[in-house]
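> One structure is given below, represented as structure tokens, and several questions about it will come after.
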Amino acid sequence: MRIYLPVTLDELDADELPDRRGHAVTAALRAALPDEDDEGLEFAAQLMAADDSFELLRRAAGAPRLRAVASVDVPDAQVADVSDDDDGAPSLVRVTRPVSRSEIACVHVDEPAVAADVAAALDGDASAVERVDDADLLWYDASEVAQIPR
């Protein structure tokens with residue numbers, strides 16, 4: 001199953017990503033967005049993970065101020081559906097164990113120019129939040145993780 005796992009760039013330096021909630025194309029997401037095709041559903045799950053990455057940055061003061069999402073492929077049996085969680089995101093899942101670096105397919109990251117807006121948004125600047133929401137994430141192959149600008 002493809003999981004969009006919110007991360008900080010610092011976490012990508014480790015051999016394993018922490019056990020945490022991520023987002024995926026779940027039955028609940030398909031029901032919530034019935035007019036979307038598979039590509040649109042994957043994009044929706046990725047955007048929800050980017051939002052969660054932003055929240056991780058609030059708690060990780062030393063991490064580079066860029067949203068990051070690791071796209072990981074794990075066996076279905078190691079993924080638990082948590083879409084009935086309090087925040088109600090229909091794409092929520094939890095990988096039931098740490099994710100190894102070898103399971104990362106690619107990483108989506110803000111371009112470095114967005115860092116100032118991310119920092120401002122984290123400080124409560126509403127217009128910066130809008131600019132961050134409008135910013136596209138750049139795609140990096142798993143083999144390029146070390147070259148991601150920070």
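Here, A, B, ... name the chains of the structure tokens in the order displayed, residue numbers run from 1 inside each chain, and ligands are numbered from 1 in the same displayed order.
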Counting only C-alpha atoms, what are the residues of segment 74-124 of chain A within 10 Å of segment 135-140 of chain A, and for each of them which pair of atoms is the nearest and at what distance in Å, to one decimal? Sort the table by chain and rising number, as a tab-separated table.

```
residue	atom	partner	partner_atom	distance
A:Ala105	CA	A:Tyr140	CA	9.0
A:Cys106	CA	A:Tyr140	CA	5.6
A:Val107	CA	A:Tyr140	CA	5.2
A:His108	CA	A:Trp139	CA	4.7
A:Val109	CA	A:Leu137	CA	4.9
A:Asp110	CA	A:Leu137	CA	4.6
A:Glu111	CA	A:Leu138	CA	6.3
A:Pro112	CA	A:Leu138	CA	9.9
A:Ala113	CA	A:Ala135	CA	10.0
A:Val114	CA	A:Ala135	CA	7.5
A:Asp117	CA	A:Ala135	CA	9.8
```
> Kindly export the residues of the current selection with N, CA and C atoms, as a PDB file, in the first residue's frame.

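Listed below is the output, result.pdb:
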```
ATOM      1  N   ALA A 105       9.675   5.370  -1.580  1.00  0.00           N
ATOM      2  CA  ALA A 105       9.658   5.417  -3.044  1.00  0.00           C
ATOM      3  C   ALA A 105      10.119   6.785  -3.536  1.00  0.00           C
ATOM      4  N   CYS A 106       9.640   7.836  -2.874  1.00  0.00           N
ATOM      5  CA  CYS A 106      10.010   9.195  -3.233  1.00  0.00           C
ATOM      6  C   CYS A 106       9.650  10.118  -2.080  1.00  0.00           C
ATOM      7  N   VAL A 107      10.091  11.359  -2.194  1.00  0.00           N
ATOM      8  CA  VAL A 107       9.812  12.359  -1.170  1.00  0.00           C
ATOM      9  C   VAL A 107       9.313  13.617  -1.871  1.00  0.00           C
ATOM     10  N   HIS A 108       8.318  14.253  -1.286  1.00  0.00           N
ATOM     11  CA  HIS A 108       7.772  15.511  -1.794  1.00  0.00           C
ATOM     12  C   HIS A 108       8.131  16.587  -0.764  1.00  0.00           C
ATOM     13  N   VAL A 109       8.763  17.673  -1.228  1.00  0.00           N
ATOM     14  CA  VAL A 109       9.282  18.694  -0.317  1.00  0.00           C
ATOM     15  C   VAL A 109       9.010  20.086  -0.896  1.00  0.00           C
ATOM     16  N   ASP A 110       8.750  21.036  -0.006  1.00  0.00           N
ATOM     17  CA  ASP A 110       8.657  22.427  -0.437  1.00  0.00           C
ATOM     18  C   ASP A 110       9.966  22.854  -1.076  1.00  0.00           C
ATOM     19  N   GLU A 111       9.880  23.744  -2.069  1.00  0.00           N
ATOM     20  CA  GLU A 111      11.115  24.310  -2.593  1.00  0.00           C
ATOM     21  C   GLU A 111      11.695  25.244  -1.540  1.00  0.00           C
ATOM     22  N   PRO A 112      13.018  25.425  -1.515  1.00  0.00           N
ATOM     23  CA  PRO A 112      13.651  26.221  -0.461  1.00  0.00           C
ATOM     24  C   PRO A 112      13.102  27.646  -0.336  1.00  0.00           C
ATOM     25  N   ALA A 113      12.631  28.239  -1.414  1.00  0.00           N
ATOM     26  CA  ALA A 113      12.104  29.600  -1.369  1.00  0.00           C
ATOM     27  C   ALA A 113      10.856  29.709  -0.493  1.00  0.00           C
ATOM     28  N   VAL A 114      10.214  28.595  -0.202  1.00  0.00           N
ATOM     29  CA  VAL A 114       8.994  28.600   0.610  1.00  0.00           C
ATOM     30  C   VAL A 114       9.316  28.613   2.110  1.00  0.00           C
ATOM     31  N   ASP A 117       8.064  31.542   4.166  1.00  0.00           N
ATOM     32  CA  ASP A 117       6.613  31.518   4.364  1.00  0.00           C
ATOM     33  C   ASP A 117       6.213  30.451   5.377  1.00  0.00           C
TER      34      ASP A 117
END
```
> Please return as a ChimeraX atom specification: the residues of chain A that backbone DSSP assigns to strand (DSSP E).
/A:2-7,16-17,21-23,68-73,79-81,92-95,99-100,104-110,137-141
> Would you mind telling me which residue in A:Glu144, A:Phe54, A:Leu92, A:Ala61 lies nearest to Val129 of chain A when using only C-alpha atoms?
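Closest to Val129 of chain A, using only C-alpha atoms: A:Phe54.
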> Which residue, A:Arg67, A:Arg58, A:Arg131, A:Arg94, has the smallest gap to His23 of chain A when you use only C-alpha atoms?
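Selected residue with least distance to His23 of chain A: A:Arg94.
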> Would you please work out which residue, of A:Thr96, A:Thr8, A:Gln46, A:Ser127, is nearest to Gly62 of chain A when using only C-alpha atoms?
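Once distances to Gly62 of chain A are computed over only C-alpha atoms, the minimum belongs to A:Thr8.
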> Which neighbours of Ala80 of chain A fall inside 12 Å, counting only C-alpha atoms, when residues of the same chain fewer than 2 positions from it are skipped, and could you give them as a PyMOL selection string?
chain A and resi 1+3+19-24+26+74-78+82-85+91-97
> Can you tell me how far atom CA of Leu17 of chain A sits from atom CA of Val118 of chain A, in Å to one decimal?
22.3 Å
> So what do you get for atom CA of Pro149 of chain A versus atom CA of Asp15 of chain A, distance-wise?
19.3 Å
> Taking the DSSP secondary structure from the backbone, can you list the residues of chain A that are helix (DSSP H, G or I), as a PyMOL selection string?
chain A and resi 9-13+27-32+38-59+76-78+101-103+112-122+126-134+142-147
> Work out how far apart atom CA of Asp125 of chain A and atom CA of Ala49 of chain A are and give it in Å to one decimal.
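Computing it gives 21.0 Å between the two atoms.
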> Closest to Glu11 of chain A among A:Val145, A:Ala128, A:Ala89, A:Ala31, using only C-alpha atoms?
A:Val145
> Of the residues A:Pro6, A:Pro90, A:Pro64, A:Pro18, which is the one nearest to Leu41 of chain A, using only C-alpha atoms?
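Of all the options, A:Pro90 lies closest to Leu41 of chain A.
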> Find the residue from A:Asp38, A:Asp134, A:Val99, A:Val25 that sits nearest to Asp81 of chain A; use only C-alpha atoms when measuring.
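Checking each candidate against Asp81 of chain A, we get A:Val25 as the closest.
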